[in-house]
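Dumped work.cif below, it's mmCIF, C-alpha atoms and all ligand atoms:
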data_structure
loop_
_atom_site.label_atom_id
_atom_site.label_comp_id
_atom_site.auth_asym_id
_atom_site.auth_seq_id
_atom_site.Cartn_x
_atom_site.Cartn_y
_atom_site.Cartn_z
CA MET R 1 0.00 0.00 0.00
CA PRO R 2 1.47 3.40 -0.89
CA LYS R 3 1.60 4.62 2.66
CA THR R 4 4.36 7.05 3.36
CA THR R 5 3.50 8.62 6.67
CA ALA R 6 2.82 6.32 9.59
CA ARG R 7 2.90 7.40 13.20
CA SER R 8 1.55 5.23 15.93
CA THR R 9 -0.83 6.39 18.65
CA ALA R 10 1.84 5.52 21.20
CA GLU R 11 4.40 7.70 19.42
CA ASP R 12 2.04 10.62 19.18
CA SER R 13 1.14 10.56 22.83
CA LYS R 14 4.67 9.93 24.04
CA PRO R 15 5.76 12.62 26.52
CA VAL R 16 8.39 14.94 25.08
CA SER R 17 11.79 14.18 26.64
CA GLY R 18 15.38 15.28 26.18
CA GLY R 19 16.58 18.25 24.17
CA SER R 20 15.89 20.85 26.85
CA LYS R 21 18.95 22.23 28.57
CA PRO R 22 19.45 24.20 31.83
CA ILE R 23 19.39 27.84 30.78
CA ALA R 24 21.74 29.51 33.26
CA GLY R 25 23.18 29.53 36.77
CA ASN R 26 24.44 26.63 38.79
CA SER R 27 23.65 23.05 38.17
CA GLU R 28 21.06 22.93 40.99
CA GLN R 29 19.16 25.86 39.43
CA GLY R 30 19.54 24.13 36.09
CA VAL R 31 17.98 20.97 37.45
CA HIS R 32 15.09 23.01 38.92
CA CYS R 33 14.65 24.85 35.69
CA GLU R 34 14.69 21.63 33.67
CA GLN R 35 12.13 20.14 36.05
CA GLY R 36 10.01 23.27 35.60
CA VAL R 37 10.12 22.97 31.82
CA HIS R 38 9.22 19.28 32.02
CA HIS R 39 6.36 20.11 34.37
CA GLN R 40 5.05 22.74 31.97
CA GLN R 41 5.31 20.36 29.04
CA ARG R 42 3.50 17.69 31.02
CA VAL R 43 0.73 20.17 31.92
CA HIS R 44 0.35 21.19 28.27
CA LEU R 45 0.26 17.58 27.20
CA GLU R 46 -2.31 16.70 29.82
CA GLN R 47 -4.42 19.68 28.78
CA GLY R 48 -4.15 18.57 25.16
CA VAL R 49 -5.15 15.02 26.06
CA HIS R 50 -8.11 16.33 28.09
CA LEU R 51 -9.20 18.52 25.21
CA GLU R 52 -9.00 15.62 22.76
CA PHE R 53 -10.80 13.35 25.21
CA ASP R 54 -13.58 15.93 25.59
CA LYS R 55 -13.87 16.21 21.82
CA LEU R 56 -14.11 12.43 21.44
CA LEU R 57 -16.67 12.24 24.23
CA ASP R 58 -18.76 14.89 22.50
CA ILE R 59 -18.55 13.02 19.21
CA CYS R 60 -19.53 9.73 20.92
CA THR R 61 -22.59 11.40 22.44
CA ARG R 62 -23.63 12.86 19.10
CA LEU R 63 -23.18 9.58 17.24
CA ASN R 64 -25.06 7.62 19.88
CA ALA R 65 -28.14 9.87 19.83
CA PRO R 66 -31.12 8.06 18.31
CA ALA R 67 -31.57 9.41 14.78
CA PRO R 68 -32.39 8.19 11.28
CA VAL R 69 -29.57 6.29 9.52
CA GLU R 70 -28.78 9.05 7.04
CA LYS R 71 -28.51 11.64 9.80
CA ILE R 72 -26.05 9.47 11.72
CA LEU R 73 -23.92 9.06 8.58
CA ASP R 74 -23.97 12.80 7.94
CA GLU R 75 -22.94 13.49 11.54
CA LEU R 76 -20.18 10.86 11.36
CA LEU R 77 -18.75 12.52 8.26
CA HIS R 78 -18.97 15.98 9.79
CA GLN R 79 -17.34 14.99 13.09
CA THR R 80 -14.50 12.92 11.64
CA ARG R 81 -13.71 15.62 9.10
CA LYS R 82 -13.58 18.21 11.85
CA LEU R 83 -11.39 16.05 14.07
CA LEU R 84 -8.95 15.02 11.33
CA ASN R 85 -8.93 18.27 9.36
CA ALA R 86 -10.23 16.67 6.20
CA GLU R 87 -11.21 19.13 3.50
CA ALA R 88 -13.91 16.92 2.02
CA GLY R 89 -15.62 13.59 2.38
CA THR R 90 -18.44 11.35 1.26
CA VAL R 91 -20.49 8.56 2.82
CA PHE R 92 -22.07 5.57 1.14
CA ILE R 93 -24.59 3.14 2.58
CA ALA R 94 -24.56 -0.53 1.63
CA SER R 95 -27.69 -2.32 0.45
CA CYS R 96 -28.44 -5.06 -2.05
CA GLU R 97 -24.79 -5.69 -2.96
CA LYS R 98 -24.10 -2.08 -3.81
CA LEU R 99 -23.08 1.20 -2.19
CA SER R 100 -25.52 4.08 -2.48
CA PHE R 101 -24.35 7.66 -2.12
CA VAL R 102 -25.73 9.42 0.98
CA CYS R 103 -23.98 12.77 1.40
CA CYS R 104 -20.96 14.85 0.48
CA GLN R 105 -19.23 17.63 2.42
CA ASN R 106 -16.53 19.87 0.96
CA ASP R 107 -15.13 22.97 2.68
CA ALA R 108 -13.26 24.11 -0.45
CA ARG R 109 -16.22 23.65 -2.76
CA PRO R 110 -19.56 24.36 -1.06
CA ASP R 111 -21.23 23.94 -4.44
CA LEU R 112 -20.40 20.22 -4.28
CA CYS R 113 -21.95 19.65 -0.84
CA VAL R 114 -24.96 17.35 -0.76
CA ALA R 115 -26.97 16.87 2.44
CA PRO R 116 -29.07 13.72 2.95
CA SER R 117 -32.21 15.84 3.23
CA MET R 118 -31.69 17.50 -0.16
CA SER R 119 -34.26 16.62 -2.76
CA ASP R 120 -33.08 14.63 -5.76
CA HIS R 121 -33.13 17.50 -8.22
CA LEU R 122 -30.60 19.40 -6.07
CA ARG R 123 -28.25 16.44 -5.87
CA SER R 124 -26.69 17.45 -9.19
CA GLY R 125 -24.17 14.95 -10.45
CA LEU R 126 -24.47 12.69 -7.41
CA LYS R 127 -28.14 11.81 -7.85
CA GLY R 128 -28.67 8.09 -7.68
CA ILE R 129 -24.95 7.28 -7.66
CA THR R 130 -24.29 3.68 -6.74
CA LEU R 131 -21.10 1.66 -6.74
CA PRO R 132 -20.83 -2.11 -6.98
CA ILE R 133 -19.16 -3.70 -3.97
CA ASN R 134 -16.05 -4.89 -5.78
CA ASP R 135 -12.42 -3.92 -6.32
CA ALA R 136 -13.14 -1.44 -9.11
CA SER R 137 -13.29 1.47 -6.66
CA LEU R 138 -11.65 2.32 -3.34
CA ALA R 139 -15.01 2.38 -1.51
CA GLY R 140 -16.10 -0.88 -3.17
CA TYR R 141 -12.82 -2.53 -2.20
CA ALA R 142 -13.03 -1.32 1.43
CA ALA R 143 -16.65 -2.55 1.68
CA ARG R 144 -15.93 -5.92 0.11
CA ASN R 145 -12.80 -6.68 2.09
CA GLY R 146 -13.64 -4.88 5.32
CA GLN R 147 -10.29 -3.14 5.01
CA ALA R 148 -9.51 0.52 5.71
CA LEU R 149 -7.28 2.23 3.14
CA ASN R 150 -4.96 5.16 3.78
CA ILE R 151 -4.03 6.51 0.36
CA ASP R 152 -1.37 9.24 0.10
CA ASP R 153 -1.70 9.81 -3.62
CA ALA R 154 -4.93 8.69 -5.27
CA TYR R 155 -3.60 9.50 -8.77
CA GLY R 156 -0.32 7.66 -8.23
CA LEU R 157 -1.53 4.21 -7.17
CA PRO R 158 0.91 1.47 -8.18
CA ASP R 159 -0.31 -1.11 -10.69
CA ASP R 160 0.06 -4.01 -8.27
CA VAL R 161 -2.56 -2.84 -5.74
CA PRO R 162 -5.93 -4.64 -6.04
CA TYR R 163 -8.09 -1.47 -6.09
CA ARG R 164 -8.53 1.49 -8.41
CA PHE R 165 -9.28 5.18 -7.94
CA ASP R 166 -12.12 6.42 -10.15
CA ARG R 167 -11.16 9.90 -11.45
CA SER R 168 -14.48 10.56 -13.18
CA TYR R 169 -15.96 12.53 -10.26
CA ASP R 170 -12.88 14.82 -10.10
CA GLU R 171 -12.98 15.32 -13.85
CA ARG R 172 -16.66 16.18 -13.76
CA THR R 173 -16.38 18.63 -10.87
CA ASP R 174 -12.86 19.99 -11.37
CA TYR R 175 -11.97 19.03 -7.79
CA ARG R 176 -8.57 17.46 -7.12
CA THR R 177 -8.45 14.49 -4.77
CA ARG R 178 -4.97 13.86 -3.40
CA ALA R 179 -5.05 11.78 -0.24
CA MET R 180 -7.89 9.62 1.04
CA LEU R 181 -8.91 7.66 4.09
CA VAL R 182 -11.44 5.02 3.11
CA ILE R 183 -13.10 3.39 6.11
CA PRO R 184 -15.66 0.56 5.98
CA LEU R 185 -18.49 0.74 8.54
CA ILE R 186 -18.78 -2.75 9.97
CA ASP R 187 -21.29 -3.84 12.60
CA GLU R 188 -20.75 -6.41 15.34
CA SER R 189 -21.98 -9.21 13.03
CA GLU R 190 -19.18 -8.33 10.58
CA ARG R 191 -21.66 -6.95 8.04
CA THR R 192 -20.58 -3.92 6.04
CA LEU R 193 -23.13 -1.15 6.51
CA GLY R 194 -21.42 1.53 4.45
CA VAL R 195 -18.19 3.36 3.69
CA LEU R 196 -16.79 6.65 4.97
CA GLN R 197 -14.32 8.52 2.73
CA LEU R 198 -12.23 11.43 4.00
CA ILE R 199 -10.37 13.48 1.40
CA ASN R 200 -7.32 15.78 1.60
CA ARG R 201 -6.05 16.69 5.04
CA VAL R 202 -5.76 20.49 5.03
CA ASP R 203 -2.84 21.02 7.40
CA ASN R 204 -0.05 19.46 5.36
CA GLU R 205 1.07 20.07 1.82
CA ARG R 206 0.37 16.63 0.46
CA GLY R 207 -2.97 16.39 2.25
CA ALA R 208 -1.92 13.01 3.63
CA PHE R 209 -3.51 11.31 6.63
CA SER R 210 -1.45 9.58 9.31
CA GLU R 211 -1.77 6.08 10.71
CA ARG R 212 -3.19 7.65 13.86
CA ASP R 213 -5.85 9.43 11.75
CA ARG R 214 -6.77 6.04 10.29
CA GLN R 215 -7.11 4.54 13.76
CA ILE R 216 -9.28 7.42 15.02
CA ALA R 217 -11.51 7.23 11.95
CA LEU R 218 -11.82 3.46 12.38
CA ALA R 219 -12.80 3.83 16.05
CA LEU R 220 -15.46 6.45 15.25
CA ALA R 221 -16.73 4.41 12.31
CA SER R 222 -17.16 1.28 14.41
CA MET R 223 -19.05 3.28 17.02
CA ALA R 224 -21.27 4.84 14.35
CA ALA R 225 -21.87 1.35 12.93
CA ILE R 226 -23.54 0.34 16.20
CA SER R 227 -25.80 3.41 16.05
CA ILE R 228 -26.60 2.73 12.39
CA HIS R 229 -27.41 -0.89 13.16
CA ASN R 230 -29.74 0.22 15.97
CA ALA R 231 -31.35 2.84 13.75
CA LYS R 232 -31.98 0.20 11.07
CA LEU R 233 -33.62 -2.06 13.66
CA ARG R 234 -35.79 0.84 14.83
CA ASP R 235 -36.81 1.60 11.22
CA GLU R 236 -37.61 -2.06 10.54
CA LEU R 237 -39.68 -2.32 13.71
CA ARG R 238 -41.59 0.84 12.93
CA HIS R 239 -42.16 -0.29 9.36
CA ALA R 240 -43.37 -3.69 10.60
CA HIS R 241 -45.86 -1.98 12.95
CA LEU R 242 -47.19 0.25 10.22
CA ASP R 243 -47.32 -2.58 7.71
CA THR R 244 -49.37 -4.67 10.15
CA ILE R 245 -51.76 -1.76 10.70
CA MET R 246 -52.22 -1.26 6.96
CA ARG R 247 -52.83 -4.96 6.34
CA LEU R 248 -55.36 -5.31 9.17
CA SER R 249 -57.15 -2.15 8.08
CA ALA R 250 -57.19 -3.41 4.49
CA ALA R 251 -58.66 -6.72 5.70
CA ALA R 252 -61.63 -4.82 7.13
CA GLU R 253 -61.92 -2.43 4.20
CA MET R 254 -61.67 -4.99 1.41
CA ARG R 255 -64.91 -6.60 2.53
CA ASP R 256 -66.76 -3.81 0.76
CA ASP R 257 -63.99 -2.29 -1.34
CA ASP R 258 -62.28 -4.73 -3.71
CA THR R 259 -59.12 -2.68 -4.08
CA GLY R 260 -58.69 -1.38 -0.54
CA GLN R 261 -57.43 1.90 -2.04
CA HIS R 262 -60.03 3.83 -0.03
CA ILE R 263 -58.02 3.60 3.20
CA ARG R 264 -54.81 4.72 1.50
CA ARG R 265 -56.47 7.73 -0.10
CA VAL R 266 -58.27 8.71 3.12
CA SER R 267 -55.00 8.33 4.99
CA MET R 268 -53.17 10.69 2.63
CA TYR R 269 -56.05 13.18 2.48
CA CYS R 270 -55.99 13.30 6.29
CA GLU R 271 -52.26 14.01 6.36
CA THR R 272 -52.64 16.72 3.70
CA ILE R 273 -55.46 18.42 5.60
CA ALA R 274 -53.52 18.26 8.89
CA ARG R 275 -50.52 19.94 7.24
CA ALA R 276 -52.76 22.55 5.59
CA MET R 277 -54.19 23.33 9.04
CA ASP R 278 -50.62 23.95 10.29
CA PHE R 279 -50.57 21.04 12.70
CA SER R 280 -47.15 19.65 13.59
CA HIS R 281 -45.30 17.17 11.42
CA ASN R 282 -45.78 14.58 14.17
CA PHE R 283 -49.56 15.10 14.23
CA ALA R 284 -49.77 14.88 10.43
CA GLN R 285 -47.82 11.61 10.56
CA LEU R 286 -50.15 10.26 13.26
CA MET R 287 -53.12 11.10 11.03
CA LEU R 288 -51.41 9.39 8.10
CA PHE R 289 -50.96 6.13 9.99
CA ALA R 290 -53.96 6.12 12.32
CA SER R 291 -56.72 7.04 9.85
CA PRO R 292 -56.49 3.76 7.85
CA MET R 293 -58.12 2.13 10.90
CA HIS R 294 -61.20 4.38 10.82
CA ASP R 295 -63.52 1.60 9.59
CA ILE R 296 -61.91 -1.33 11.37
CA GLY R 297 -65.22 -1.95 13.18
CA LYS R 298 -66.71 -3.10 9.86
CA LEU R 299 -65.15 -6.47 10.67
CA ALA R 300 -68.21 -7.04 12.86
CA VAL R 301 -70.80 -6.14 10.19
CA PRO R 302 -72.28 -9.23 8.47
CA ASP R 303 -71.69 -9.55 4.71
CA ALA R 304 -75.45 -9.73 4.09
CA ILE R 305 -75.73 -6.14 5.33
CA LEU R 306 -72.36 -4.76 4.26
CA LYS R 307 -72.73 -5.97 0.67
CA LYS R 308 -76.48 -5.52 0.31
CA PRO R 309 -77.03 -3.77 -3.03
CA GLY R 310 -80.51 -2.46 -2.22
CA LYS R 311 -81.83 -0.04 0.36
CA LEU R 312 -81.02 -0.84 4.00
CA THR R 313 -83.75 -1.24 6.60
CA SER R 314 -83.52 1.00 9.65
CA GLN R 315 -82.36 -2.01 11.67
CA GLU R 316 -79.62 -2.78 9.14
CA ARG R 317 -78.56 0.85 9.17
CA LEU R 318 -78.11 0.66 12.93
CA VAL R 319 -75.89 -2.41 12.51
CA ILE R 320 -73.74 -0.54 9.98
CA GLU R 321 -73.55 2.53 12.22
CA ASP R 322 -72.37 0.32 15.03
CA HIS R 323 -68.98 -0.06 13.26
CA THR R 324 -67.94 3.13 15.05
CA ARG R 325 -68.53 1.60 18.51
CA VAL R 326 -66.97 -1.74 17.53
CA GLY R 327 -63.93 0.05 16.08
CA ALA R 328 -63.56 2.07 19.28
CA GLN R 329 -63.77 -1.14 21.35
CA ILE R 330 -61.08 -2.83 19.25
CA LEU R 331 -58.72 0.14 19.66
CA GLU R 332 -59.47 1.31 23.20
CA GLY R 333 -57.13 1.19 26.21
CA SER R 334 -53.82 1.33 24.32
CA SER R 335 -50.83 3.19 25.75
CA ILE R 336 -49.51 3.80 22.22
CA GLU R 337 -50.25 7.30 20.90
CA LEU R 338 -50.91 6.06 17.36
CA ILE R 339 -53.58 3.64 18.56
CA GLN R 340 -55.08 6.30 20.85
CA VAL R 341 -55.48 8.59 17.81
CA ALA R 342 -56.91 5.68 15.80
CA HIS R 343 -59.40 5.05 18.63
CA ARG R 344 -60.64 8.65 18.53
CA ILE R 345 -60.94 8.54 14.74
CA ALA R 346 -62.78 5.20 14.67
CA GLU R 347 -65.31 6.43 17.21
CA SER R 348 -65.89 9.97 15.89
CA HIS R 349 -65.50 9.98 12.10
CA HIS R 350 -69.29 9.87 11.55
CA GLU R 351 -70.12 12.66 14.00
CA ARG R 352 -71.42 15.87 12.42
CA TRP R 353 -70.45 19.46 13.26
CA ASP R 354 -74.16 20.28 13.86
CA GLY R 355 -74.60 17.36 16.29
CA GLY R 356 -76.65 15.19 13.95
CA GLY R 357 -74.10 12.40 13.50
CA TYR R 358 -73.41 9.14 15.34
CA PRO R 359 -72.66 7.33 17.61
CA ASN R 360 -72.58 10.00 20.37
CA LYS R 361 -74.23 12.98 18.64
CA LEU R 362 -71.28 15.18 19.55
CA ALA R 363 -71.20 18.69 18.05
CA GLY R 364 -68.57 21.33 17.18
CA ASP R 365 -65.33 21.26 19.11
CA ASP R 366 -66.57 18.37 21.26
CA ILE R 367 -65.80 16.13 18.28
CA PRO R 368 -62.09 15.22 18.41
CA ILE R 369 -60.18 17.11 15.71
CA GLU R 370 -58.87 13.82 14.32
CA GLY R 371 -62.48 12.70 13.69
CA ARG R 372 -63.41 16.05 12.14
CA ILE R 373 -60.51 15.80 9.68
CA CYS R 374 -61.23 12.17 8.83
CA ALA R 375 -64.92 12.96 8.25
CA VAL R 376 -64.09 15.32 5.37
CA ALA R 377 -61.52 12.92 3.88
CA ASP R 378 -63.84 9.91 4.19
CA VAL R 379 -66.93 11.55 2.69
CA PHE R 380 -64.92 13.14 -0.12
CA ASP R 381 -63.47 9.75 -1.05
CA ALA R 382 -66.90 8.11 -0.94
CA LEU R 383 -68.25 10.85 -3.25
CA THR R 384 -65.43 10.52 -5.79
CA SER R 385 -65.53 6.69 -5.82
CA ALA R 386 -67.98 4.49 -7.68
CA ARG R 387 -70.27 2.39 -5.48
CA VAL R 388 -72.82 -0.31 -6.38
CA TYR R 389 -75.57 2.23 -5.81
CA LYS R 390 -73.92 5.26 -7.52
CA PRO R 391 -71.27 6.31 -10.02
CA ALA R 392 -68.19 8.32 -9.00
CA PHE R 393 -68.97 12.03 -8.80
CA SER R 394 -66.78 14.52 -10.61
CA MET R 395 -64.18 16.47 -8.61
CA ASP R 396 -66.13 19.70 -8.97
CA LYS R 397 -69.35 18.10 -7.75
CA ALA R 398 -67.63 16.42 -4.79
CA TYR R 399 -65.89 19.67 -3.83
CA ALA R 400 -69.17 21.56 -4.04
CA ILE R 401 -70.86 19.04 -1.70
CA ILE R 402 -68.01 19.30 0.84
CA GLN R 403 -68.10 23.09 0.67
CA GLU R 404 -71.87 23.15 1.19
CA GLY R 405 -71.44 20.89 4.23
CA ALA R 406 -69.14 23.36 6.05
CA GLY R 407 -70.75 24.41 9.33
CA GLU R 408 -73.41 21.67 9.11
CA HIS R 409 -71.83 18.31 8.42
CA PHE R 410 -68.20 19.43 8.63
CA ASP R 411 -65.94 21.67 10.69
CA PRO R 412 -65.59 24.88 8.58
CA ALA R 413 -61.86 25.16 9.43
CA VAL R 414 -61.21 21.66 8.13
CA VAL R 415 -63.18 22.35 4.95
CA GLU R 416 -61.26 25.58 4.43
CA ALA R 417 -57.91 23.74 4.66
CA PHE R 418 -59.24 21.00 2.40
CA LEU R 419 -60.25 23.50 -0.28
CA ARG R 420 -56.93 25.30 -0.03
CA ASP R 421 -54.91 22.18 -0.80
CA ARG R 422 -57.07 21.02 -3.72
CA PRO R 423 -54.12 20.44 -6.12
CA GLU R 424 -52.52 17.98 -3.70
CA ILE R 425 -55.85 16.27 -2.95
CA GLU R 426 -56.44 15.83 -6.69
CA ALA R 427 -52.90 14.48 -7.16
CA ILE R 428 -53.53 11.83 -4.46
CA HIS R 429 -56.87 10.92 -6.05
CA GLU R 430 -55.17 10.56 -9.42
CA PHE R 431 -52.22 8.57 -8.06
CA LEU R 432 -54.26 6.16 -5.93
CA GLY R 433 -57.22 5.55 -8.21
CA ASP R 434 -59.01 2.20 -7.68
CA GLU R 435 -58.03 1.05 -11.14
CA ALA R 436 -54.37 1.90 -10.60
CA GLY R 437 -53.69 -1.62 -9.28
CA LYS R 438 -51.56 -0.42 -6.40
CA SER R 439 -51.00 -2.68 -3.43
CA PRO R 440 -53.68 -1.88 -0.87
CA THR R 441 -51.32 -2.71 1.93
CA ALA R 442 -48.25 -0.73 0.96
CA VAL R 443 -47.13 1.52 3.82
CA PRO R 444 -47.30 5.20 2.83
CA SER R 445 -43.91 6.86 2.78
CA THR R 446 -42.97 8.96 5.79
CA SER R 447 -41.66 12.31 4.83
FE FE Q 1 -66.97 4.61 8.75
FE FE Q 2 -64.32 4.94 5.18
#

Is it possible to express this structure as structure tokens?
Amino acid sequence: MPKTTARSTAEDSKPVSGGSKPIAGNSEQGVHCEQGVHHQQRVHLEQGVHLEFDKLLDICTRLNAPAPVEKILDELLHQTRKLLNAEAGTVFIASCEKLSFVCCQNDARPDLCVAPSMSDHLRSGLKGITLPINDASLAGYAARNGQALNIDDAYGLPDDVPYRFDRSYDERTDYRTRAMLVIPLIDESERTLGVLQLINRVDNERGAFSERDRQIALALASMAAISIHNAKLRDELRHAHLDTIMRLSAAAEMRDDDTGQHIRRVSMYCETIARAMDFSHNFAQLMLFASPMHDIGKLAVPDAILKKPGKLTSQERLVIEDHTRVGAQILEGSSIELIQVAHRIAESHHERWDGGGYPNKLAGDDIPIEGRICAVADVFDALTSARVYKPAFSMDKAYAIIQEGAGEHFDPAVVEAFLRDRPEIEAIHEFLGDEAGKSPTAVPSTS
């Protein structure tokens, strides 16, 4: 490996000794003076060690904080660059036998920086970049072999090394990579989770990194790997919860809706309305994932009534209306916020603003806001969908009916927000049409 500079941790932290002479006076004074100088050096060293220890502690705390995977990777890149004076760096995440680009930081070229949160169209030349996990690139080699590379001169790699440096990014961006630290992120099960690349150390002419830099980067990377592994587990668990909710809700819904798209549309309408009403991101997400359960009580309605094509008797209507109470019973008593919201929605989505709804004949603000939002979304979707007893109404007609219902059937503030975000509502309707053949159980994306 073309490593030229290698200093060990032990060498770096070795106390300075020798080379300092007594400055004047007799030998006793000289000894005192020499002792004084040594003492001062020791104090400086200890202060330096403390400072470095504090920095490392701070980095550990930041990397251990629960956060999404991409945020942890961004923080890892930021902190290691700061600690090792790297001018630039990139991070890749491993999945499906390839490395996907996550973010790029570059102090010399802010125009090349890409944050994980940036939308795709701002990711310029890095959009969708993936690398195969093989020896054709430094990152691919490090990921495949679990080996950290400390490269002094990326353009001067000897022919006999088993990896290659890809110059295409430099050529495209007019940035000059000189030295690189390429560190695989490996979890405790020896799986490669990603690769961290640090580029060009700024405090020496060649930009080279030392052996000690490599060791520090490795230590931080292995700590970040634990956080990333935990974050992935958290994501999987959350996704599994939401997936289960969507599938159970679809099971109830598909008894009178062949496609099950109704619950997905209602769910996204609810989120859109919540955002339009300036509720928090968290509340909008709760609406997104709790509202699919609004009709879960239909599980208790017999097919003969639920699928009856003709007019319902008053007795049958009462059985149908009872899905609100049954739904509330299924969802009641949970300590989980999402299920608590779902409980309120299931029980109150057929209440009316004027008090003429069911099951509790609540009116106005006594109806939980979650139920008031879902009421608009649910009725709008019923109006714009074909049923055995009616065709799908046009958008204009459905909007007119919702608008007319403000202050009677619906909360006027909810209707106002719903009308304001009409383009988004129409886009959801278009995207999740019954005939679109989408999976009824797919978990909506969390933005
Ligand atoms: Fe309902
Ligand atoms: Fe519904």

Contact check, chain R to ligand FE 2 (chain Q), at most 7 Å, counting only C-alpha atoms and all ligand atoms, closest pairs as CSV:
residue,atom,partner,partner_atom,distance
R:His262,CA,Q:FE2,FE,6.8
R:Ile263,CA,Q:FE2,FE,6.7
R:His294,CA,Q:FE2,FE,6.5
R:Asp295,CA,Q:FE2,FE,5.6
R:Asp378,CA,Q:FE2,FE,5.1

query = Which of these, R:Ile296, R:Leu242, R:Leu306, R:Ala179, has the shortest distance to ligand FE 1 (chain Q) once you count all atoms listed in the file?
reply =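 Smallest separation from ligand FE 1 (chain Q) among the options: R:Ile296.
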
inquiry  = Which residues are near ligand FE 1 (chain Q) in this structure, taking near to mean any atom at most 12 Å from a ligand atom and counting all atoms listed in the file? Format them as JSON, numbers by chain.
reply    = {"R": [249, 252, 253, 256, 262, 263, 266, 291, 292, 293, 294, 295, 296, 297, 298, 299, 301, 306, 319, 320, 321, 322, 323, 324, 325, 326, 327, 328, 345, 346, 347, 348, 349, 350, 351, 357, 358, 359, 371, 374, 375, 376, 377, 378, 379, 381, 382]}

request  = Go through R:Asp153, R:Leu248, R:Ile228, R:Lys307 and flag the residue nearest Ile330 (chain R), using all atoms listed in the file for the distances.
outcome  =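 Smallest separation from Ile330 (chain R) among the options: R:Leu248.
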
task = Kindly indicate which residue among R:Gly207, R:Arg178, R:Arg164, R:Glu408 lies nearest to Gly356 (chain R), using only C-alpha atoms for the distances.
result = R:Glu408

task = Identify the residues within 12 Å of coordinate (-70.6, 22.9, 5.5) (same frame as the file), considering only C-alpha atoms, and give the answer as a VMD selection string.
result = chain R and resid 352 to 354 364 372 375 to 376 399 to 416 418 to 419

request  = Would you mind reading off the distance between CA of Ile199 (chain R) and CA of Glu87 (chain R), one decimal, in Å?
outcome  = 6.1 Å

If we count all atoms listed in the file and set the cut-off at 7 Å, which residues sit around Leu338 (chain R), ignoring sequence neighbours fewer than 4 positions away in its own chain? Please answer as an mmCIF file with C-alpha atoms, in the frame of the given file.
data_model
loop_
_atom_site.group_PDB
_atom_site.id
_atom_site.type_symbol
_atom_site.label_atom_id
_atom_site.label_comp_id
_atom_site.auth_asym_id
_atom_site.auth_seq_id
_atom_site.Cartn_x
_atom_site.Cartn_y
_atom_site.Cartn_z
ATOM 1 C CA LEU R 286 -50.150 10.260 13.260
ATOM 2 C CA ALA R 290 -53.960 6.120 12.320
ATOM 3 C CA ALA R 342 -56.910 5.680 15.800
#

Straight-line distance linking CA of Arg264 (chain R) with CA of Leu312 (chain R), stated in Å to one decimal =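 Those two atoms sit 26.9 Å apart.
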
key: Straight-line distance linking CA of Thr177 (chain R) with CA of Leu218 (chain R), stated in Å to one decimal   =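 Calculated distance between CA of Thr177 (chain R) and CA of Leu218 (chain R) is 20.7 Å.
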
Pick from R:Arg420, R:His38, R:His429, R:His281 nearest to Ser267 (chain R), counting all atoms listed in the file =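 Selected residue with least distance to Ser267 (chain R): R:His429.
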
ask   = With all atoms listed in the file as the basis for distance, which of R:Leu83, R:Asn134, R:Leu318, R:Asp203 is at the shortest distance from Ile305 (chain R)?
value =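 Looking at the shortest contact to Ile305 (chain R), the residue is R:Leu318.
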
key: Long-range neighbours of region 141-147 of chain R as a ChimeraX atom specification, 9 Å cut-off, all atoms listed in the file, 5 positions minimum in chain   = /R:94,99,133-136,162-164,182-186,190-195

message = Could you check the closest approach to Val102 (chain R) for each of R:Ala208, R:Ala224, R:Leu196, R:Val161 and tell me which residue wins, using only C-alpha atoms?
response =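 Nearest candidate to Val102 (chain R) out of R:Ala208, R:Ala224, R:Leu196, R:Val161: R:Leu196.
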
query = Taking (-24.2, 13.5, 7.2) in the file's coordinates as the center, which residues reach within 9 Å of it, counting only C-alpha atoms, put as a list in words?
reply = Glu70, Lys71, Ile72, Leu73, Asp74, Glu75, Leu76, Leu77, His78, Thr90, Val91, Val102, Cys103, Cys104, Gln105, Val114, Ala115 and Pro116 of chain R

Can you write out the residues you just picked, keeping C-alpha atoms, as a short mmCIF file (atom, residue, chain, number, x, y, z; two decimals), in the frame of the given file?
data_model
loop_
_atom_site.label_atom_id
_atom_site.label_comp_id
_atom_site.auth_asym_id
_atom_site.auth_seq_id
_atom_site.Cartn_x
_atom_site.Cartn_y
_atom_site.Cartn_z
CA GLU R 70 -28.78 9.05 7.04
CA LYS R 71 -28.51 11.64 9.80
CA ILE R 72 -26.05 9.47 11.72
CA LEU R 73 -23.92 9.06 8.58
CA ASP R 74 -23.97 12.80 7.94
CA GLU R 75 -22.94 13.49 11.54
CA LEU R 76 -20.18 10.86 11.36
CA LEU R 77 -18.75 12.52 8.26
CA HIS R 78 -18.97 15.98 9.79
CA THR R 90 -18.44 11.35 1.26
CA VAL R 91 -20.49 8.56 2.82
CA VAL R 102 -25.73 9.42 0.98
CA CYS R 103 -23.98 12.77 1.40
CA CYS R 104 -20.96 14.85 0.48
CA GLN R 105 -19.23 17.63 2.42
CA VAL R 114 -24.96 17.35 -0.76
CA ALA R 115 -26.97 16.87 2.44
CA PRO R 116 -29.07 13.72 2.95
#

message = Quick one: residues within 10 Å of Phe393 (chain R), all atoms listed in the file, excluding same-chain residues fewer than 3 positions away - as a PyMOL selection string?
response = chain R and resi 380-386+390+396-399
